[in-house]
>>> print(open('structure.txt').read())   # compact mmCIF, C-alpha atoms
# COMPACT_ATOMS: atom_id res chain seq x y z
CA MET A 28 3.66 0.98 -17.11
CA THR A 29 7.08 -0.51 -16.48
CA ARG A 30 8.76 -2.03 -19.47
CA ASP A 31 9.84 -5.41 -18.13
CA ASN A 32 10.25 -7.07 -21.51
CA GLU A 33 12.65 -9.85 -20.58
CA ASP A 34 9.91 -12.24 -19.51
CA ARG A 35 6.91 -10.67 -21.20
CA SER A 36 4.49 -13.24 -22.56
CA PRO A 37 2.81 -12.23 -25.84
CA SER A 38 -0.54 -13.38 -24.46
CA ARG A 39 -0.27 -11.01 -21.51
CA GLU A 40 0.93 -7.84 -23.20
CA ASP A 41 -0.26 -4.68 -21.52
CA GLU A 42 -3.49 -3.35 -22.97
CA PRO A 43 -3.26 0.21 -24.32
CA THR A 44 -4.87 3.00 -22.36
CA ILE A 45 -7.20 5.14 -24.46
CA SER A 46 -7.50 8.85 -23.76
CA ASN A 47 -10.10 10.85 -25.60
CA LEU A 48 -7.52 13.62 -25.71
CA GLY A 49 -4.81 11.78 -27.58
CA SER A 50 -3.52 8.61 -29.15
CA PRO A 51 -3.74 5.19 -27.52
CA GLY A 52 -0.64 4.25 -25.55
CA ALA A 53 0.47 2.24 -22.57
CA SER A 54 0.48 4.19 -19.34
CA PRO A 55 3.94 4.59 -17.83
CA SER A 56 4.81 3.27 -14.42
CA VAL A 57 5.55 5.51 -11.49
CA ALA A 58 8.49 3.40 -10.46
CA SER A 59 10.57 0.33 -11.00
CA GLY A 60 13.82 -0.84 -9.56
CA ASP A 61 14.94 -2.17 -12.95
CA SER A 62 17.40 -0.25 -15.11
CA PRO A 63 15.76 0.80 -18.39
CA SER A 64 17.31 -0.39 -21.62
CA ASP A 65 16.39 2.92 -23.26
CA GLY A 66 18.06 5.93 -21.66
CA GLY A 67 15.33 8.21 -22.95
CA GLU A 68 15.39 11.87 -23.86
CA PHE A 69 16.93 13.05 -20.58
CA ALA A 70 20.40 11.67 -19.86
CA ALA A 71 21.45 10.46 -16.43
CA GLY A 72 23.03 13.27 -14.43
CA LEU A 73 21.01 16.04 -16.10
CA VAL A 74 19.52 18.49 -13.61
CA ILE A 75 15.87 19.38 -14.27
CA ALA A 76 14.31 22.64 -13.06
CA GLY A 77 17.42 23.32 -10.97
CA ARG A 78 16.37 20.65 -8.50
CA PHE A 79 15.96 17.14 -9.89
CA ARG A 80 18.98 15.13 -11.06
CA ILE A 81 17.96 12.43 -13.54
CA VAL A 82 18.95 8.88 -12.56
CA GLY A 83 17.38 7.01 -15.48
CA ARG A 84 14.27 6.37 -17.53
CA LEU A 85 11.70 4.05 -15.97
CA GLY A 86 9.19 3.63 -18.78
CA GLY A 87 6.82 5.42 -21.06
CA GLY A 88 4.23 5.40 -23.78
CA GLY A 89 1.55 7.55 -25.34
CA MET A 90 0.61 9.05 -21.97
CA GLY A 91 4.15 10.25 -21.18
CA ASP A 92 7.66 9.25 -20.12
CA VAL A 93 8.71 8.62 -16.52
CA TYR A 94 12.18 9.07 -15.05
CA ARG A 95 13.69 8.40 -11.68
CA ALA A 96 15.39 11.47 -10.22
CA ASP A 97 17.05 12.64 -7.02
CA ASP A 98 15.34 15.64 -5.46
CA HIS A 99 18.26 17.68 -4.11
CA GLU A 100 15.99 20.07 -2.24
CA LEU A 101 14.32 17.35 -0.16
CA GLY A 102 17.10 14.75 -0.31
CA THR A 103 14.91 11.93 -1.64
CA SER A 104 14.21 9.96 -4.80
CA VAL A 105 11.17 10.87 -6.89
CA ALA A 106 9.62 9.91 -10.21
CA LEU A 107 9.08 12.60 -12.85
CA LYS A 108 6.36 12.10 -15.48
CA PHE A 109 6.82 14.21 -18.62
CA LEU A 110 4.26 14.81 -21.33
CA PRO A 111 5.39 13.50 -24.73
CA VAL A 112 7.34 16.24 -26.49
CA GLU A 113 4.77 16.52 -29.31
CA LEU A 114 2.04 17.21 -26.74
CA SER A 115 3.94 19.58 -24.47
CA GLY A 116 2.20 22.62 -25.92
CA ASP A 117 -1.25 21.04 -26.11
CA PRO A 118 -3.46 23.06 -23.73
CA VAL A 119 -5.89 20.18 -23.30
CA ARG A 120 -3.13 17.76 -22.32
CA LEU A 121 -1.65 20.36 -19.98
CA GLN A 122 -5.00 20.68 -18.28
CA ARG A 123 -5.21 16.91 -17.92
CA LEU A 124 -1.77 16.88 -16.27
CA ARG A 125 -2.87 19.62 -13.86
CA ASN A 126 -6.05 17.68 -13.18
CA GLU A 127 -4.05 14.55 -12.35
CA VAL A 128 -2.01 16.47 -9.79
CA ARG A 129 -5.05 18.22 -8.36
CA LEU A 130 -6.98 15.01 -7.83
CA ALA A 131 -4.15 12.68 -6.84
CA ARG A 132 -2.77 15.10 -4.24
CA GLN A 133 -6.04 14.82 -2.35
CA VAL A 134 -5.54 11.09 -1.78
CA ALA A 135 -3.02 10.65 1.03
CA HIS A 136 -3.03 6.97 1.97
CA PRO A 137 -0.38 4.25 2.55
CA ASN A 138 -1.83 2.22 -0.34
CA VAL A 139 -1.78 5.06 -2.88
CA CYS A 140 1.25 6.43 -4.70
CA ARG A 141 1.69 10.06 -3.67
CA VAL A 142 1.73 12.81 -6.29
CA TYR A 143 3.57 15.96 -5.26
CA ASP A 144 3.55 18.83 -7.74
CA ILE A 145 3.72 20.04 -11.32
CA GLY A 146 6.75 21.71 -12.88
CA ASP A 147 8.32 22.85 -16.13
CA ALA A 148 11.73 22.07 -17.62
CA ASP A 149 12.43 24.44 -20.49
CA GLY A 150 8.92 24.08 -21.85
CA ARG A 151 8.51 20.41 -20.94
CA PRO A 152 5.73 20.10 -18.33
CA PHE A 153 6.12 17.32 -15.78
CA LEU A 154 4.69 16.15 -12.50
CA SER A 155 6.68 14.82 -9.58
CA MET A 156 5.53 11.83 -7.58
CA GLU A 157 6.67 9.26 -5.11
CA PHE A 158 9.32 6.85 -6.36
CA ILE A 159 8.39 3.28 -5.49
CA ASP A 160 11.24 0.81 -5.64
CA GLY A 161 9.39 -2.30 -6.72
CA GLU A 162 7.40 -3.62 -9.66
CA ASP A 163 3.87 -3.40 -10.94
CA LEU A 164 1.39 -6.19 -10.29
CA ALA A 165 1.11 -7.05 -14.00
CA SER A 166 4.85 -7.75 -14.13
CA LEU A 167 4.69 -9.79 -10.92
CA LEU A 168 1.83 -11.92 -12.26
CA ARG A 169 3.72 -12.52 -15.50
CA ARG A 170 6.66 -13.83 -13.49
CA ILE A 171 4.90 -16.08 -11.01
CA GLY A 172 1.46 -16.77 -12.48
CA ARG A 173 -0.57 -16.12 -9.34
CA LEU A 174 0.13 -15.35 -5.72
CA PRO A 175 -0.25 -17.67 -2.71
CA LYS A 176 -3.70 -17.33 -1.14
CA ASP A 177 -2.65 -15.47 2.02
CA LYS A 178 -0.52 -12.96 0.11
CA ALA A 179 -3.24 -12.46 -2.50
CA ILE A 180 -5.76 -11.68 0.25
CA GLU A 181 -3.32 -9.24 1.85
CA LEU A 182 -2.74 -7.40 -1.43
CA ALA A 183 -6.45 -7.47 -2.26
CA ARG A 184 -7.21 -5.73 1.03
CA GLU A 185 -4.58 -3.10 0.39
CA ILE A 186 -5.79 -2.41 -3.13
CA CYS A 187 -9.34 -2.06 -1.84
CA ALA A 188 -8.12 0.31 0.86
CA GLY A 189 -6.36 2.52 -1.70
CA VAL A 190 -9.34 2.59 -4.05
CA GLY A 191 -11.66 3.19 -1.10
CA ALA A 192 -9.57 6.17 0.03
CA ALA A 193 -9.94 7.75 -3.42
CA HIS A 194 -13.66 7.03 -3.53
CA GLU A 195 -14.19 8.59 -0.10
CA LEU A 196 -12.94 11.85 -1.65
CA GLY A 197 -15.20 11.49 -4.68
CA VAL A 198 -12.34 10.49 -7.01
CA VAL A 199 -13.00 7.77 -9.60
CA HIS A 200 -9.77 6.18 -10.89
CA ARG A 201 -11.09 4.91 -14.27
CA ASP A 202 -7.96 2.93 -15.14
CA LEU A 203 -7.65 0.25 -12.46
CA LYS A 204 -5.62 -2.71 -13.74
CA PRO A 205 -2.63 -4.75 -12.54
CA ALA A 206 -0.21 -2.49 -14.44
CA ASN A 207 -1.43 0.46 -12.33
CA VAL A 208 -0.82 -1.23 -8.98
CA MET A 209 2.74 -1.11 -7.68
CA ILE A 210 4.15 -3.63 -5.22
CA ASP A 211 6.80 -1.83 -3.18
CA GLY A 212 9.93 -3.24 -1.58
CA ARG A 213 7.98 -4.19 1.54
CA GLY A 214 5.49 -6.18 -0.53
CA ARG A 215 2.74 -3.60 -0.05
CA ALA A 216 0.27 -2.68 -2.79
CA ARG A 217 0.08 0.94 -3.95
CA VAL A 218 -2.60 2.17 -6.36
CA ALA A 219 -0.97 4.44 -8.95
CA ASP A 220 -1.53 6.49 -12.09
CA PHE A 221 -4.49 8.83 -11.66
CA GLY A 222 -3.97 10.24 -15.16
CA LEU A 223 -7.55 9.41 -16.20
CA ALA A 224 -9.17 10.00 -12.81
CA GLY A 225 -12.08 12.34 -12.42
CA VAL A 226 -14.60 13.67 -9.95
CA ALA A 227 -17.49 11.25 -9.58
CA ASP A 228 -20.23 13.86 -10.04
CA GLU A 229 -18.70 15.11 -13.29
CA LEU A 230 -17.95 11.66 -14.74
CA ALA A 231 -21.47 10.45 -14.04
CA GLU A 232 -22.61 12.97 -16.65
CA GLY A 233 -20.70 11.05 -19.32
CA ARG A 234 -17.59 13.22 -19.72
CA ASP A 235 -14.77 11.33 -21.51
CA ALA A 236 -16.91 8.22 -21.12
CA THR A 237 -14.67 5.93 -23.18
CA ALA A 238 -11.32 6.94 -21.65
CA GLY A 239 -9.53 4.02 -20.04
CA THR A 240 -8.20 0.56 -20.87
CA PRO A 241 -10.86 -1.38 -22.82
CA ALA A 242 -10.00 -4.78 -21.32
CA TYR A 243 -10.73 -3.38 -17.83
CA MET A 244 -13.76 -1.26 -18.67
CA ALA A 245 -17.18 -2.00 -17.25
CA PRO A 246 -19.98 -2.75 -19.73
CA GLU A 247 -21.53 0.67 -19.19
CA GLN A 248 -18.23 2.37 -20.07
CA LEU A 249 -18.03 0.42 -23.32
CA ARG A 250 -21.55 1.67 -24.09
CA GLY A 251 -20.31 5.25 -23.66
CA GLU A 252 -22.18 5.90 -20.42
CA GLY A 253 -20.81 7.85 -17.48
CA ALA A 254 -18.18 6.39 -15.16
CA THR A 255 -19.01 5.97 -11.48
CA LYS A 256 -17.44 4.38 -8.44
CA ARG A 257 -19.15 1.15 -9.46
CA THR A 258 -17.32 1.13 -12.78
CA ASP A 259 -14.15 1.14 -10.68
CA ILE A 260 -15.62 -1.77 -8.69
CA PHE A 261 -16.01 -3.76 -11.93
CA ALA A 262 -12.36 -3.09 -12.84
CA LEU A 263 -11.42 -4.02 -9.27
CA GLY A 264 -13.20 -7.36 -9.79
CA LEU A 265 -11.22 -8.01 -12.97
CA LEU A 266 -8.01 -7.12 -11.15
CA LEU A 267 -8.82 -9.43 -8.22
CA TYR A 268 -9.70 -12.22 -10.65
CA GLU A 269 -6.16 -12.03 -12.05
CA LEU A 270 -4.62 -11.68 -8.61
CA PHE A 271 -6.20 -14.92 -7.35
CA THR A 272 -6.15 -17.00 -10.55
CA GLY A 273 -3.22 -15.66 -12.56
CA LYS A 274 -5.51 -15.39 -15.59
CA ARG A 275 -7.70 -12.73 -17.13
CA ALA A 276 -11.42 -13.05 -16.67
CA HIS A 277 -11.99 -12.68 -20.43
CA ASP A 278 -9.78 -13.84 -23.28
CA VAL A 279 -11.40 -11.41 -25.72
CA LYS A 280 -8.90 -8.93 -27.16
CA THR A 281 -11.11 -6.43 -29.03
CA ILE A 282 -13.64 -3.83 -27.91
CA ALA A 283 -16.22 -5.35 -30.24
CA GLY A 284 -15.58 -8.76 -28.73
CA LEU A 285 -15.99 -7.42 -25.20
CA LYS A 286 -19.24 -5.67 -26.10
CA GLU A 287 -20.55 -8.90 -27.58
CA ARG A 288 -19.48 -10.87 -24.51
CA TYR A 289 -21.25 -8.48 -22.15
CA SER A 290 -24.36 -8.16 -24.30
CA SER A 291 -24.71 -11.94 -24.24
CA SER A 292 -24.44 -11.86 -20.42
CA ALA A 293 -21.64 -14.44 -20.59
CA SER A 294 -19.94 -14.86 -17.21
CA PRO A 295 -16.21 -15.51 -16.89
CA THR A 296 -15.01 -18.94 -15.85
CA SER A 297 -15.52 -19.44 -12.12
CA PRO A 298 -12.22 -18.93 -10.27
CA SER A 299 -12.78 -22.25 -8.49
CA ASP A 300 -12.64 -23.99 -11.88
CA LEU A 301 -9.15 -22.58 -12.37
CA VAL A 302 -7.68 -22.81 -8.88
CA GLU A 303 -7.98 -25.83 -6.65
CA GLY A 304 -9.07 -24.92 -3.14
CA MET A 305 -10.33 -21.44 -4.07
CA ASP A 306 -11.96 -19.85 -1.03
CA PRO A 307 -15.72 -19.55 -1.71
CA ALA A 308 -15.79 -16.12 -0.04
CA VAL A 309 -13.13 -14.83 -2.43
CA GLU A 310 -14.98 -16.24 -5.43
CA ARG A 311 -18.28 -14.68 -4.29
CA VAL A 312 -16.83 -11.20 -3.89
CA ILE A 313 -15.01 -11.34 -7.23
CA MET A 314 -18.09 -12.48 -9.13
CA ASN A 315 -20.21 -9.91 -7.31
CA CYS A 316 -17.87 -7.17 -8.51
CA LEU A 317 -18.28 -8.49 -12.07
CA GLU A 318 -22.07 -8.18 -12.16
CA LEU A 319 -23.10 -6.59 -15.45
CA ASP A 320 -25.68 -4.39 -13.72
CA PRO A 321 -23.82 -1.68 -11.75
CA GLU A 322 -26.51 -1.66 -9.06
CA SER A 323 -25.85 -5.34 -8.36
CA ARG A 324 -22.17 -4.77 -7.60
CA PRO A 325 -20.83 -3.96 -4.12
CA ALA A 326 -21.56 -0.36 -3.21
CA SER A 327 -17.95 0.45 -2.34
CA ALA A 328 -14.38 -0.80 -2.30
CA LEU A 329 -14.68 -0.93 1.49
CA ALA A 330 -17.58 -3.37 1.10
CA VAL A 331 -15.38 -5.53 -1.13
CA MET A 332 -12.61 -5.37 1.44
CA ALA A 333 -14.96 -6.33 4.27
CA ALA A 334 -16.30 -9.30 2.27
CA LEU A 335 -12.87 -10.86 1.84
CA PRO A 336 -12.03 -13.75 4.19
CA GLY A 337 -11.52 -12.55 7.75
CA GLY A 338 -12.95 -9.18 6.82
CA ASP A 339 -14.06 -6.77 9.51
CA PRO A 340 -16.14 -3.81 8.25
CA LEU A 341 -14.89 -1.47 10.98
CA ALA A 342 -11.28 -2.50 10.42
CA ALA A 343 -11.76 -2.02 6.70
CA MET A 344 -12.98 1.54 7.20
CA LEU A 345 -10.12 2.33 9.56
CA LYS A 346 -7.54 0.91 7.13
CA ALA A 347 -9.00 2.95 4.29
CA GLY A 348 -8.77 6.10 6.41
CA ALA A 349 -12.50 6.71 6.43
CA PHE A 350 -12.32 8.21 9.91
CA SER A 351 -9.14 10.25 9.44
>>> encode(input="structure.txt", output="structure tokens")
Amino acid sequence: MTRDNEDRSPSREDEPTISNLGSPGASPSVASGDSPSDGGEFAAGLVIAGRFRIVGRLGGGGMGDVYRADDHELGTSVALKFLPVELSGDPVRLQRLRNEVRLARQVAHPNVCRVYDIGDADGRPFLSMEFIDGEDLASLLRRIGRLPKDKAIELAREICAGVGAAHELGVVHRDLKPANVMIDGRGRARVADFGLAGVADELAEGRDATAGTPAYMAPEQLRGEGATKRTDIFALGLLLYELFTGKRAHDVKTIAGLKERYSSSASPTSPSDLVEGMDPAVERVIMNCLELDPESRPASALAVMAALPGGDPLAAMLKAGAFS
């Protein structure tokens, strides 16, 4: 995601995203208001595909490089995500890029970063998406530790709404983590980066079972089983744990260590042991999301949203666009 290295703490470095189709690498952000220290391959002012004028590089990694650009045809700012040059001709990676656009375009919701289209710049495939002038949640948590209770609940609801909107369409994100949630200039959460997303029915069969970020994988993913909406719910629980406590639920840094932790049925430290005055309702819903048995977790992101303090199931469904 964004490369905000000035105040990066070594203990909170972004975990690499693993794709079964390529090398491990950190997923790039869709947007950041910060000026990148590395200008990247495409210089500012360069016009891409006769339409997009490059403003600057936003970030990158093994999954691709992202640039801010001005779309002269529509008169707006966008983010362009390019495949790494060494993978530009890889038919499998090209198909994954097309799949990201195909799935993400279906999810039109205020709490989801919009993906627009796919293009080609002299043999360099890219996708265009909404530019969000803000920062990712991982960067925000590094800066401030944890959010005030009321703001954390507000963001938690919005994240649930975005995830719920994807799930309503049968789309499983598979890489939910703070680095893949943007906080825009209005302080609103936006779920981003559907690069590893898939259709629930297909993923349940075990396709690309181990793709994702190990630190945010559910136990069943680490065992190589199929991903479902409830694996997203587990990742959502880990994300909410960080949102409300400012700390990760597990301090284990290796896949083997995580497997051992889950096989021993060890629970993370209760949020109330870390944060004075933790709302019991918040703690219950977080720990419910982190149940090792998928069937014991909440059935949906909307159920998580409704269980948060002040939650209203009908309002949750309306906010998630379930009736649109």
>>> atom_distance(input="structure.txt", atom1="atom CA of Ala254 of chain A", atom2="atom CA of Arg288 of chain A")
19.7 Å
>>> closest_residue(input="structure.txt", among="A:Gly337, A:Gly116, A:Pro325, A:Gly161", to="Asp306 of chain A", atoms="only C-alpha atoms")
A:Gly337
>>> closest_residue(input="structure.txt", among="A:Ala330, A:Ile180, A:Arg324, A:Asn207", to="Val309 of chain A", atoms="all atoms listed in the file")
A:Ile180
>>> atom_distance(input="structure.txt", atom1="atom CA of Asp278 of chain A", atom2="atom CA of Glu185 of chain A")
26.5 Å
>>> axis_aligned_box(input="structure.txt", around="segment 273-281 of chain A", padding_each_side="5 Å", output="lines of an AutoDock Vina configuration file")
center_x = -7.6
center_y = -11.0
center_z = -20.8
size_x = 18.8
size_y = 19.2
size_z = 26.5
>>> residues_around(input="structure.txt", residues="Leu164 of chain A", least_positions_apart="3", cutoff="9 Å", atoms="all atoms listed in the file", output="list of chain:residue names")
A:Leu167, A:Leu168, A:Arg169, A:Lys204, A:Pro205, A:Ala206, A:Asn207, A:Val208, A:Met209, A:Ile210, A:Ala216, A:Leu270
>>> residues_around(input="structure.txt", residues="segment 242-246 of chain A", least_positions_apart="6", cutoff="8 Å", atoms="all atoms listed in the file", output="number ranges by chain")
A: 42, 202-204, 258-259, 261-262, 265, 280-282, 285-286, 289, 319
>>> write_last_selection(input="structure.txt", atoms="C-alpha atoms", output="PDB file, in the frame of the given file")
ATOM      1  CA  GLU A  42      -3.490  -3.350 -22.970  1.00  0.00           C
ATOM      2  CA  ASP A 202      -7.960   2.930 -15.140  1.00  0.00           C
ATOM      3  CA  LEU A 203      -7.650   0.250 -12.460  1.00  0.00           C
ATOM      4  CA  LYS A 204      -5.620  -2.710 -13.740  1.00  0.00           C
ATOM      5  CA  THR A 258     -17.320   1.130 -12.780  1.00  0.00           C
ATOM      6  CA  ASP A 259     -14.150   1.140 -10.680  1.00  0.00           C
ATOM      7  CA  PHE A 261     -16.010  -3.760 -11.930  1.00  0.00           C
ATOM      8  CA  ALA A 262     -12.360  -3.090 -12.840  1.00  0.00           C
ATOM      9  CA  LEU A 265     -11.220  -8.010 -12.970  1.00  0.00           C
ATOM     10  CA  LYS A 280      -8.900  -8.930 -27.160  1.00  0.00           C
ATOM     11  CA  THR A 281     -11.110  -6.430 -29.030  1.00  0.00           C
ATOM     12  CA  ILE A 282     -13.640  -3.830 -27.910  1.00  0.00           C
ATOM     13  CA  LEU A 285     -15.990  -7.420 -25.200  1.00  0.00           C
ATOM     14  CA  LYS A 286     -19.240  -5.670 -26.100  1.00  0.00           C
ATOM     15  CA  TYR A 289     -21.250  -8.480 -22.150  1.00  0.00           C
ATOM     16  CA  LEU A 319     -23.100  -6.590 -15.450  1.00  0.00           C
TER      17      LEU A 319
END
>>> atom_distance(input="structure.txt", atom1="atom CA of Glu303 of chain A", atom2="atom CA of Lys178 of chain A")
16.3 Å
>>> closest_atom_pairs(input="structure.txt", of="segment 214-287 of chain A", to="segment 135-154 of chain A", cutoff="7 Å", atoms="all atoms listed in the file", output="Markdown table")
| residue | atom | partner | partner_atom | distance |
| --- | --- | --- | --- | --- |
| A:Ala216 | CA | A:Asn138 | CA | 5.9 |
| A:Arg217 | CA | A:Asn138 | CA | 4.3 |
| A:Val218 | CA | A:Val139 | CA | 4.6 |
| A:Ala219 | CA | A:Cys140 | CA | 5.2 |
>>> write_last_selection(input="structure.txt", atoms="C-alpha atoms", output="PDB file, in the frame of the given file")
ATOM      1  CA  ALA A 216       0.270  -2.680  -2.790  1.00  0.00           C
ATOM      2  CA  ARG A 217       0.080   0.940  -3.950  1.00  0.00           C
ATOM      3  CA  VAL A 218      -2.600   2.170  -6.360  1.00  0.00           C
ATOM      4  CA  ALA A 219      -0.970   4.440  -8.950  1.00  0.00           C
TER       5      ALA A 219
END
>>> residues_around(input="structure.txt", residues="Ser294 of chain A", least_positions_apart="6", cutoff="9 Å", atoms="all atoms listed in the file", output="list in words")
Ala276, His277, Arg288, Met314, Leu317 and Glu318 of chain A
>>> decode(input="structure.txt", residues="segment 152-175 of chain A", atoms="N, CA and C atoms", output="CSV table (one decimal), in the first residue's frame")
chain,number,residue,atom,x,y,z
A,152,PRO,N,0.0,-3.2,-19.4
A,152,PRO,CA,-1.4,-3.2,-19.0
A,152,PRO,C,-1.6,-2.4,-17.6
A,153,PHE,N,-2.7,-1.7,-17.5
A,153,PHE,CA,-3.0,-1.0,-16.3
A,153,PHE,C,-4.5,-1.0,-16.1
A,154,LEU,N,-4.9,-0.7,-14.8
A,154,LEU,CA,-6.4,-0.5,-14.6
A,154,LEU,C,-6.5,0.9,-14.0
A,155,SER,N,-7.6,1.5,-14.2
A,155,SER,CA,-7.9,2.9,-13.7
A,155,SER,C,-8.9,2.7,-12.6
A,156,MET,N,-8.7,3.5,-11.5
A,156,MET,CA,-9.6,3.5,-10.4
A,156,MET,C,-9.7,4.9,-9.7
A,157,GLU,N,-10.6,4.9,-8.8
A,157,GLU,CA,-10.8,6.2,-8.1
A,157,GLU,C,-9.6,6.6,-7.3
A,158,PHE,N,-9.2,7.9,-7.5
A,158,PHE,CA,-8.2,8.4,-6.6
A,158,PHE,C,-8.8,8.9,-5.3
A,159,ILE,N,-8.2,8.5,-4.2
A,159,ILE,CA,-8.7,8.9,-2.9
A,159,ILE,C,-7.6,9.7,-2.2
A,160,ASP,N,-7.9,10.9,-2.0
A,160,ASP,CA,-6.9,11.8,-1.4
A,160,ASP,C,-7.0,11.6,0.1
A,161,GLY,N,-6.2,10.7,0.6
A,161,GLY,CA,-6.2,10.4,2.1
A,161,GLY,C,-5.0,9.5,2.4
A,162,GLU,N,-5.2,8.6,3.4
A,162,GLU,CA,-4.2,7.7,3.7
A,162,GLU,C,-4.8,6.4,4.1
A,163,ASP,N,-4.0,5.3,4.1
A,163,ASP,CA,-4.6,4.0,4.5
A,163,ASP,C,-4.7,3.9,6.0
A,164,LEU,N,-5.5,3.0,6.5
A,164,LEU,CA,-5.7,2.8,7.9
A,164,LEU,C,-4.5,2.4,8.6
A,165,ALA,N,-3.7,1.5,8.0
A,165,ALA,CA,-2.4,1.1,8.6
A,165,ALA,C,-1.5,2.3,8.9
A,166,SER,N,-1.4,3.2,8.0
A,166,SER,CA,-0.6,4.4,8.2
A,166,SER,C,-1.1,5.2,9.3
A,167,LEU,N,-2.5,5.4,9.3
A,167,LEU,CA,-3.1,6.2,10.4
A,167,LEU,C,-2.9,5.6,11.7
A,168,LEU,N,-3.0,4.3,11.8
A,168,LEU,CA,-2.8,3.6,13.1
A,168,LEU,C,-1.3,3.7,13.6
A,169,ARG,N,-0.4,3.7,12.6
A,169,ARG,CA,1.0,3.9,13.0
A,169,ARG,C,1.2,5.3,13.6
A,170,ARG,N,0.5,6.3,13.1
A,170,ARG,CA,0.7,7.6,13.5
A,170,ARG,C,0.1,7.9,14.9
A,171,ILE,N,-1.1,7.4,15.1
A,171,ILE,CA,-1.8,7.8,16.3
A,171,ILE,C,-2.1,6.6,17.3
A,172,GLY,N,-1.7,5.4,16.9
A,172,GLY,CA,-1.9,4.3,17.9
A,172,GLY,C,-3.2,3.7,17.8
A,173,ARG,N,-4.3,4.3,18.2
A,173,ARG,CA,-5.6,3.9,18.0
A,173,ARG,C,-6.6,5.1,17.9
A,174,LEU,N,-7.8,4.8,17.4
A,174,LEU,CA,-8.7,5.9,17.3
A,174,LEU,C,-9.6,6.1,18.5
A,175,PRO,N,-10.1,7.3,18.7
A,175,PRO,CA,-11.1,7.5,19.8
A,175,PRO,C,-12.3,6.6,19.5
